[in-house]
Each structure stands twice: as structure tokens, then as C-alpha cells.
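Peer 1: One structure, pasted below without further comment.
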Amino acid sequence: MEAITAVRGTNDLVYAQAARMLALENTLRGIAHKYGYEEIRTPVFEHTELFTRGIGEDTDIVSKEMFTFQDRGERSLTLRPEGTASMVRAFVEHHLFAERGINKIFYTGAMYRAERPQKGRYREFHQFGVEVIGSPSPLVDAEIILFNLDVFKTLGLSGLTLTINSVGCPKCNPAYLAALRETFKNDLPSLCETCRTRYDKNVLRMLDCKVESCQPILAKAPAFSDHLCDECKPHFETVKQELANAGIQFTVNPRLVRGLDYYTKTAFEISANMLGAQNAVCGGGRYDNLIGVFNNGKSFPAMGSAFGLERILLALGDAETKNTIDVFVVAFKETADKLMPTLSMLRAAGRSANADYNVSSIKSQLKTADKLGAKYTLILGPEEAAAGECMLRNMTDKTEKRVKIADAAGMIV
Ligand SMILES: [Zn+2]
Ligand SMILES: [Zn+2]
């Protein structure tokens, strides 16, 4: 019989790898807390309609990448491909708008996309995101960008670059979309099939196309910043001013539209050095009209961002994370009955403790202690144990002393 392996595009995080992920998550939670974000946890599957309506039917995510299935009651469900739609659903469902003026939310968890797996991109991946709901202020846009830069600097990512754009609002959108159609109207035969479909259905999405031969044509796209309305223009100016005030360098990319339909005004992307090349690690944007889609047309201004944790770990390189324990208890056959009480005593005193329950040879037990990264070994020699004592060995400086078993926990630092 063939061995059963993990599904393509999914990963097991074994021991030190899981510890590395946990350490990353802890750092992120700490920084989010500093900025006043609070966590919301939502289920990994939702009604499919949440994503088709929220993200947009014509996006790559919805049209090509979702894991959608029917449950036993023949409802269409989908494993979440991103976090914002779920956060918005939860925001509306729990009437969070009634609780406070501005909601600052963070989330972290597994997301699912049927992409071609490659290094740092998996079908099950983990995302960390923030959303600020309830403020139209450009200060929010600037702070979310600063938050992400703070995160990546704290983590030690190198080669950070920030790209921003404004994708306007329903007021200035039509003029820009018309300008796009005008620009590409004679190029349709040279563009790929997806571009041709999007030209009719959702012309802005054309700018997402990654097909090589489309790139020179798409580069002709006019800049959105030339078409911004009286509301969007000063908004974008303030975002840029706040970033400049904070000493942040950035470039404006008029073709940056992000892969989701719901963005309005500010869109941004942060790249970092990854495997020797510049790669996008984080993106976000304002979505002032999305919440209305789920709230009977009544919207709340909002902005959010997200990044994949696997990609961050890849960008950080293979830093060694080693798990450790405080003490490994070594027993002899004659003192095996003292093993469990000693472990219990150490744990009750707040120390992490482990042992070889097979009571193998002393040499093999010491080897295991080393492998587990034990800071101390507590050796229950027959003669010492008879007197209620043990040998406590510091594994770092290799010093050893004879102490009362009851006192050992207090001597481990
Ligand atoms: Zn506008
Ligand atoms: Zn194309």
C-alpha cells in the first residue's frame, strides 16, 4: 500500500519550524497590541457567496483559486482565501459599529488558495492582517502603512520598498475606466484572452494580468492620479505627506490596483529582499464601499492590509530556532520509581521537565537531554536518591553539584 502524504501545497511544521512560526506570531501580536489592534477569530470556511460578493467574481482569487465544496446539506461553502471578507462579515453580524467609533482589528490564521505551489506560496498558508473600520481619515491609511513597515523592520527584513497608488472612488472611477478602455481599444487582438474578457467585464482588472506579452501594452495605462476627484486627490496628498513626515521613502505606481475588486482610494504594496530578488510581501488598501455589500447598502469607511507568514519566514532566511527545556531527569533502573514524582515536583515549581520513560542507559539518556536542548540534567543516582538527593548538572558550563531533590527546582535558573 502506498504511504499517505500531506496534500500538495500544504506543510507540516515540525518542532523547531512550529516554534519559529509561533515566535513570529507572538512578535506580530505584540506589535499589533502597541498600535491598539484587537483580535477577531473567524471560522476557516464560510458561505461561498461571502467571497464572490465581497472579493469580486472576476478576480483571480474567486475565478481560479478558491477551494469550494458542497456540504451534506448541499450548501456551497468555501475555505477562506483571504481574511478581510470574514472580518467584515463579523463586524456587521456582531454590530461592532454600535460598540465603538473606530474598530482596529487584527487576525491571523490559515487561508486556502488553489495556486501552483512554489517556494513561499502554498495552498494552505497563514496570513496576518489588520483592518481599521469606521474612519475615512487618510491618517488611518498612513498608520496602517507605518504599522507594516514597523513590523518588517522589527523582524529584520532587508531591502524594504513601499509602493503606493490611489484607485479613486465611484465618483472618479468611471472617467478613469473610460480612459483605460480608450487606451486599449485597438490593442484587443494582441492581448490575452483574460484581458479581452476583462476589457468588457471589469477593465481595471486587466492591470493585474501577468502574461508576458500583455505587459508592454498594459504599460500604456494612464495614471489614476490624473483622474482623481476633489475628495480623492487631497486624501492621497495627505497620505503621501504623512509618510514623508514619518521619514518614509516611497514611489507612486499608477498601475498598482491590487488583486481585489473592493479597493477605493489608497492601495499599497511593500516589497522586501527575498532569495536575492525584490518580492512583494505585503499589500493593502482602503475599501470604503465593501461593508455596504453586506449591510444593506450602509457602508463604513475602512482600510486593511495583510501578509503571508510563510513568505515572511522565507524572506528572513533559515535562522535556526532550537527548542529548549529547563531540565531533563535521568533515572537509574533502581530509582525509576522516583522519576514521575521528580518530574511533577519540577513542573509544579514552574520548570519545563522531560525524561526518558524507557530508562535506557545513562549514556543514552544524557544524549537525549542534549538533543532536547536541556539546560540542566537532574540525575537520580541510587546512592544520592536513597538520601533524598540528586546530582544537578548545568549543561552549559558542565558544572555539577549534589543537592536535595526538593531544592533542585529552586537552583535552576
Ligand atoms: Zn474619487
Ligand atoms: Zn493579459
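Ordering of the C-alpha cells sets the chain letters (A, B, ...), residue numbers begin anew at 1 in every chain, and ligands are numbered from 1 in the order given.
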Hey, which residues come within 9 Å of ligand 1 if we count only C-alpha atoms and all ligand atoms? Could you give them as a ChimeraX atom specification?
Peer 2: /A:167-173,227-233,264-265
Peer 1: Could you build a table of the residues in chain A lying no more than 9 Å from ligand 2, giving for each the nearest pair of atoms and their separation in Å rounded to one decimal place, using only C-alpha atoms and all ligand atoms, ordered by chain and ascending residue number, as a tab-separated table?
Peer 2:
residue	atom	partner	partner_atom_place_in_ligand_line	distance
A:Ser190	CA	ligand 2	1 (Zn)	8.9
A:Leu191	CA	ligand 2	1 (Zn)	5.3
A:Cys192	CA	ligand 2	1 (Zn)	4.2
A:Glu193	CA	ligand 2	1 (Zn)	6.7
A:Thr194	CA	ligand 2	1 (Zn)	5.7
A:Cys195	CA	ligand 2	1 (Zn)	4.3
A:Arg196	CA	ligand 2	1 (Zn)	7.5
A:Arg198	CA	ligand 2	1 (Zn)	9.0
A:Met206	CA	ligand 2	1 (Zn)	6.5
A:Leu207	CA	ligand 2	1 (Zn)	8.2
A:Asp208	CA	ligand 2	1 (Zn)	8.1
A:Cys209	CA	ligand 2	1 (Zn)	4.7
A:Lys210	CA	ligand 2	1 (Zn)	6.5
A:Val211	CA	ligand 2	1 (Zn)	5.1
A:Glu212	CA	ligand 2	1 (Zn)	7.8
A:Ser213	CA	ligand 2	1 (Zn)	7.4
A:Cys214	CA	ligand 2	1 (Zn)	4.7
A:Gln215	CA	ligand 2	1 (Zn)	7.5
A:Leu218	CA	ligand 2	1 (Zn)	8.1
Peer 1: Give me the residues of segment 145-190 of chain A that have any atom at most 10 Å from an atom of segment 125-141 of chain A; for each, the nearest atom pair and the distance in Å, rounded to one decimal. Use only C-alpha atoms, sort by chain and number, and format it as a tab-separated table.
Peer 2:
residue	atom	partner	partner_atom	distance
A:Ile145	CA	A:Asp141	CA	6.4
A:Leu146	CA	A:Asp141	CA	8.7
A:Phe147	CA	A:Val130	CA	9.4
A:Asn148	CA	A:Val130	CA	9.4
Peer 1: Show me, as an MDAnalysis selection string, the residues that have an atom within 9 Å of Ala19 of chain A when counting only C-alpha atoms, minus same-chain residues fewer than 6 positions from it.
Peer 2: chainID A and resid 13 321:323
Peer 1: With N, CA, C and O atoms kept, could you save the residues just selected as a PDB file, in the first residue's frame?
Peer 2:
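Output contents, as saved in again33.pdb:
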ATOM      1  N   LEU A  13       4.598  21.626  10.045  1.00  0.00           N
ATOM      2  CA  LEU A  13       5.654  22.372  10.731  1.00  0.00           C
ATOM      3  C   LEU A  13       6.123  21.499  11.879  1.00  0.00           C
ATOM      4  O   LEU A  13       5.375  21.249  12.813  1.00  0.00           O
ATOM      5  N   THR A 321      16.087  27.983  14.905  1.00  0.00           N
ATOM      6  CA  THR A 321      15.354  28.106  16.166  1.00  0.00           C
ATOM      7  C   THR A 321      15.451  26.754  16.843  1.00  0.00           C
ATOM      8  O   THR A 321      15.145  25.741  16.244  1.00  0.00           O
ATOM      9  N   LYS A 322      15.935  26.738  18.088  1.00  0.00           N
ATOM     10  CA  LYS A 322      16.066  25.458  18.775  1.00  0.00           C
ATOM     11  C   LYS A 322      15.148  25.460  19.985  1.00  0.00           C
ATOM     12  O   LYS A 322      15.140  26.404  20.768  1.00  0.00           O
ATOM     13  N   ASN A 323      14.351  24.418  20.112  1.00  0.00           N
ATOM     14  CA  ASN A 323      13.517  24.302  21.301  1.00  0.00           C
ATOM     15  C   ASN A 323      14.397  23.927  22.480  1.00  0.00           C
ATOM     16  O   ASN A 323      15.403  23.224  22.322  1.00  0.00           O
TER      17      ASN A 323
END
Peer 1: What gap, in Å, lies between atom CA of Pro254 of chain A and atom CA of Asn165 of chain A?
Peer 2: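 We find that atom CA of Pro254 of chain A and atom CA of Asn165 of chain A lie 5.8 Å from each other.
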Peer 1: Provide the atom CA of Val252 of chain A to atom CA of Leu316 of chain A distance in Å, to one decimal place.
Peer 2: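 Straight-line distance from atom CA of Val252 of chain A to atom CA of Leu316 of chain A works out to 26.2 Å.
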Peer 1: Using only C-alpha atoms, find the one residue out of A:Thr84, A:Gln278, A:Thr197, A:Thr335 that sits nearest to Ala306 of chain A.
Peer 2: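 Of all the options, A:Thr84 lies closest to Ala306 of chain A.
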Peer 1: According to DSSP computed on the backbone, where in segment 49-114 of chain A is there strand (DSSP E)? Give the residues as a PyMOL selection string.
Peer 2: chain A and resi 67-70+76-79+103-112
Peer 1: Write out the residues from the selection above, keeping N, CA, C and O atoms, as a PDB file, in the first residue's frame.
Peer 2:
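File produced: selection.pdb:
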ATOM      1  N   PHE A  67     -11.100  27.040  -2.939  1.00  0.00           N
ATOM      2  CA  PHE A  67     -11.483  25.671  -2.611  1.00  0.00           C
ATOM      3  C   PHE A  67     -12.945  25.713  -2.198  1.00  0.00           C
ATOM      4  O   PHE A  67     -13.269  26.079  -1.067  1.00  0.00           O
ATOM      5  N   THR A  68     -13.820  25.360  -3.135  1.00  0.00           N
ATOM      6  CA  THR A  68     -15.262  25.427  -2.885  1.00  0.00           C
ATOM      7  C   THR A  68     -15.825  24.019  -2.887  1.00  0.00           C
ATOM      8  O   THR A  68     -15.405  23.185  -3.689  1.00  0.00           O
ATOM      9  N   PHE A  69     -16.731  23.728  -1.979  1.00  0.00           N
ATOM     10  CA  PHE A  69     -17.318  22.386  -1.901  1.00  0.00           C
ATOM     11  C   PHE A  69     -18.750  22.468  -1.391  1.00  0.00           C
ATOM     12  O   PHE A  69     -19.142  23.486  -0.816  1.00  0.00           O
ATOM     13  N   GLN A  70     -19.514  21.403  -1.636  1.00  0.00           N
ATOM     14  CA  GLN A  70     -20.870  21.330  -1.108  1.00  0.00           C
ATOM     15  C   GLN A  70     -20.855  20.536   0.170  1.00  0.00           C
ATOM     16  O   GLN A  70     -20.234  19.484   0.235  1.00  0.00           O
ATOM     17  N   SER A  76     -23.214  25.619  -0.628  1.00  0.00           N
ATOM     18  CA  SER A  76     -21.886  25.844  -1.185  1.00  0.00           C
ATOM     19  C   SER A  76     -21.035  26.584  -0.158  1.00  0.00           C
ATOM     20  O   SER A  76     -21.373  27.695   0.263  1.00  0.00           O
ATOM     21  N   LEU A  77     -19.957  25.931   0.246  1.00  0.00           N
ATOM     22  CA  LEU A  77     -19.055  26.527   1.237  1.00  0.00           C
ATOM     23  C   LEU A  77     -17.665  26.684   0.615  1.00  0.00           C
ATOM     24  O   LEU A  77     -17.326  25.978  -0.336  1.00  0.00           O
ATOM     25  N   THR A  78     -16.877  27.609   1.156  1.00  0.00           N
ATOM     26  CA  THR A  78     -15.539  27.849   0.623  1.00  0.00           C
ATOM     27  C   THR A  78     -14.549  28.052   1.758  1.00  0.00           C
ATOM     28  O   THR A  78     -14.853  28.745   2.733  1.00  0.00           O
ATOM     29  N   LEU A  79     -13.377  27.418   1.610  1.00  0.00           N
ATOM     30  CA  LEU A  79     -12.304  27.655   2.578  1.00  0.00           C
ATOM     31  C   LEU A  79     -11.799  29.073   2.337  1.00  0.00           C
ATOM     32  O   LEU A  79     -11.497  29.438   1.198  1.00  0.00           O
ATOM     33  N   ASN A 103     -13.044  50.722  14.893  1.00  0.00           N
ATOM     34  CA  ASN A 103     -12.630  49.366  15.269  1.00  0.00           C
ATOM     35  C   ASN A 103     -11.282  49.057  14.635  1.00  0.00           C
ATOM     36  O   ASN A 103     -11.117  49.172  13.428  1.00  0.00           O
ATOM     37  N   LYS A 104     -10.319  48.681  15.477  1.00  0.00           N
ATOM     38  CA  LYS A 104      -8.992  48.282  14.968  1.00  0.00           C
ATOM     39  C   LYS A 104      -8.830  46.797  15.231  1.00  0.00           C
ATOM     40  O   LYS A 104      -8.679  46.365  16.368  1.00  0.00           O
ATOM     41  N   ILE A 105      -8.890  46.017  14.142  1.00  0.00           N
ATOM     42  CA  ILE A 105      -8.953  44.560  14.247  1.00  0.00           C
ATOM     43  C   ILE A 105      -7.678  43.935  13.672  1.00  0.00           C
ATOM     44  O   ILE A 105      -7.170  44.402  12.666  1.00  0.00           O
ATOM     45  N   PHE A 106      -7.173  42.881  14.340  1.00  0.00           N
ATOM     46  CA  PHE A 106      -6.176  42.062  13.652  1.00  0.00           C
ATOM     47  C   PHE A 106      -6.620  40.611  13.639  1.00  0.00           C
ATOM     48  O   PHE A 106      -7.440  40.190  14.447  1.00  0.00           O
ATOM     49  N   TYR A 107      -6.134  39.847  12.669  1.00  0.00           N
ATOM     50  CA  TYR A 107      -6.453  38.422  12.596  1.00  0.00           C
ATOM     51  C   TYR A 107      -5.216  37.684  12.127  1.00  0.00           C
ATOM     52  O   TYR A 107      -4.343  38.254  11.476  1.00  0.00           O
ATOM     53  N   THR A 108      -5.131  36.423  12.479  1.00  0.00           N
ATOM     54  CA  THR A 108      -4.040  35.586  11.979  1.00  0.00           C
ATOM     55  C   THR A 108      -4.569  34.166  11.869  1.00  0.00           C
ATOM     56  O   THR A 108      -5.337  33.718  12.716  1.00  0.00           O
ATOM     57  N   GLY A 109      -4.235  33.474  10.783  1.00  0.00           N
ATOM     58  CA  GLY A 109      -4.731  32.116  10.642  1.00  0.00           C
ATOM     59  C   GLY A 109      -4.506  31.562   9.249  1.00  0.00           C
ATOM     60  O   GLY A 109      -3.947  32.228   8.387  1.00  0.00           O
ATOM     61  N   ALA A 110      -4.977  30.309   9.061  1.00  0.00           N
ATOM     62  CA  ALA A 110      -4.772  29.611   7.793  1.00  0.00           C
ATOM     63  C   ALA A 110      -5.755  30.100   6.735  1.00  0.00           C
ATOM     64  O   ALA A 110      -6.916  30.369   7.034  1.00  0.00           O
ATOM     65  N   MET A 111      -5.261  30.258   5.501  1.00  0.00           N
ATOM     66  CA  MET A 111      -6.071  30.643   4.348  1.00  0.00           C
ATOM     67  C   MET A 111      -5.776  29.611   3.259  1.00  0.00           C
ATOM     68  O   MET A 111      -4.747  28.925   3.304  1.00  0.00           O
ATOM     69  N   TYR A 112      -6.647  29.534   2.237  1.00  0.00           N
ATOM     70  CA  TYR A 112      -6.544  28.465   1.242  1.00  0.00           C
ATOM     71  C   TYR A 112      -6.722  28.991  -0.164  1.00  0.00           C
ATOM     72  O   TYR A 112      -7.731  29.644  -0.459  1.00  0.00           O
TER      73      TYR A 112
END
Peer 1: With only C-alpha atoms as the counted atoms, please give the residues lying no more than 12 Å from Gly247 of chain A, apart from itself and same-chain residues fewer than 4 positions off, as an MDAnalysis selection string.
Peer 2: chainID A and resid 142 146 149 240:243
Peer 1: List as JSON lines every residue of segment 234-333 of chain A that is in contact with segment 22-34 of chain A, defined as an atom at most 10 Å from one of its atoms (using only C-alpha atoms), together with the nearest atom pair and the distance in Å rounded to one decimal, sorted by chain and then rising number.
Peer 2:
{"residue": "A:Leu309", "atom": "CA", "partner": "A:Leu24", "partner_atom": "CA", "distance": 8.0}
{"residue": "A:Ile312", "atom": "CA", "partner": "A:Leu24", "partner_atom": "CA", "distance": 9.0}
{"residue": "A:Leu313", "atom": "CA", "partner": "A:Leu24", "partner_atom": "CA", "distance": 8.2}
{"residue": "A:Thr321", "atom": "CA", "partner": "A:Ala23", "partner_atom": "CA", "distance": 9.3}
Peer 1: Distance atom CA of Gly283 of chain A-atom CA of Thr10 of chain A, one decimal place?
Peer 2: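 Going from atom CA of Gly283 of chain A over to atom CA of Thr10 of chain A, I get 22.7 Å.
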Peer 1: Pick out the closest residue to Phe307 of chain A from this set: A:Arg53, A:Lys64, A:Lys375, A:Arg121. Count only C-alpha atoms.
Peer 2: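 Closest to Phe307 of chain A, using only C-alpha atoms: A:Arg121.
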Peer 1: Could you tell me, as a ChimeraX atom specification, which residues of segment 118-360 of chain A DSSP assigns to alpha helix (DSSP H) when given the backbone?
Peer 2: /A:138-155,173-184,193-201,215-218,232-245,290-294,309-316,339-348
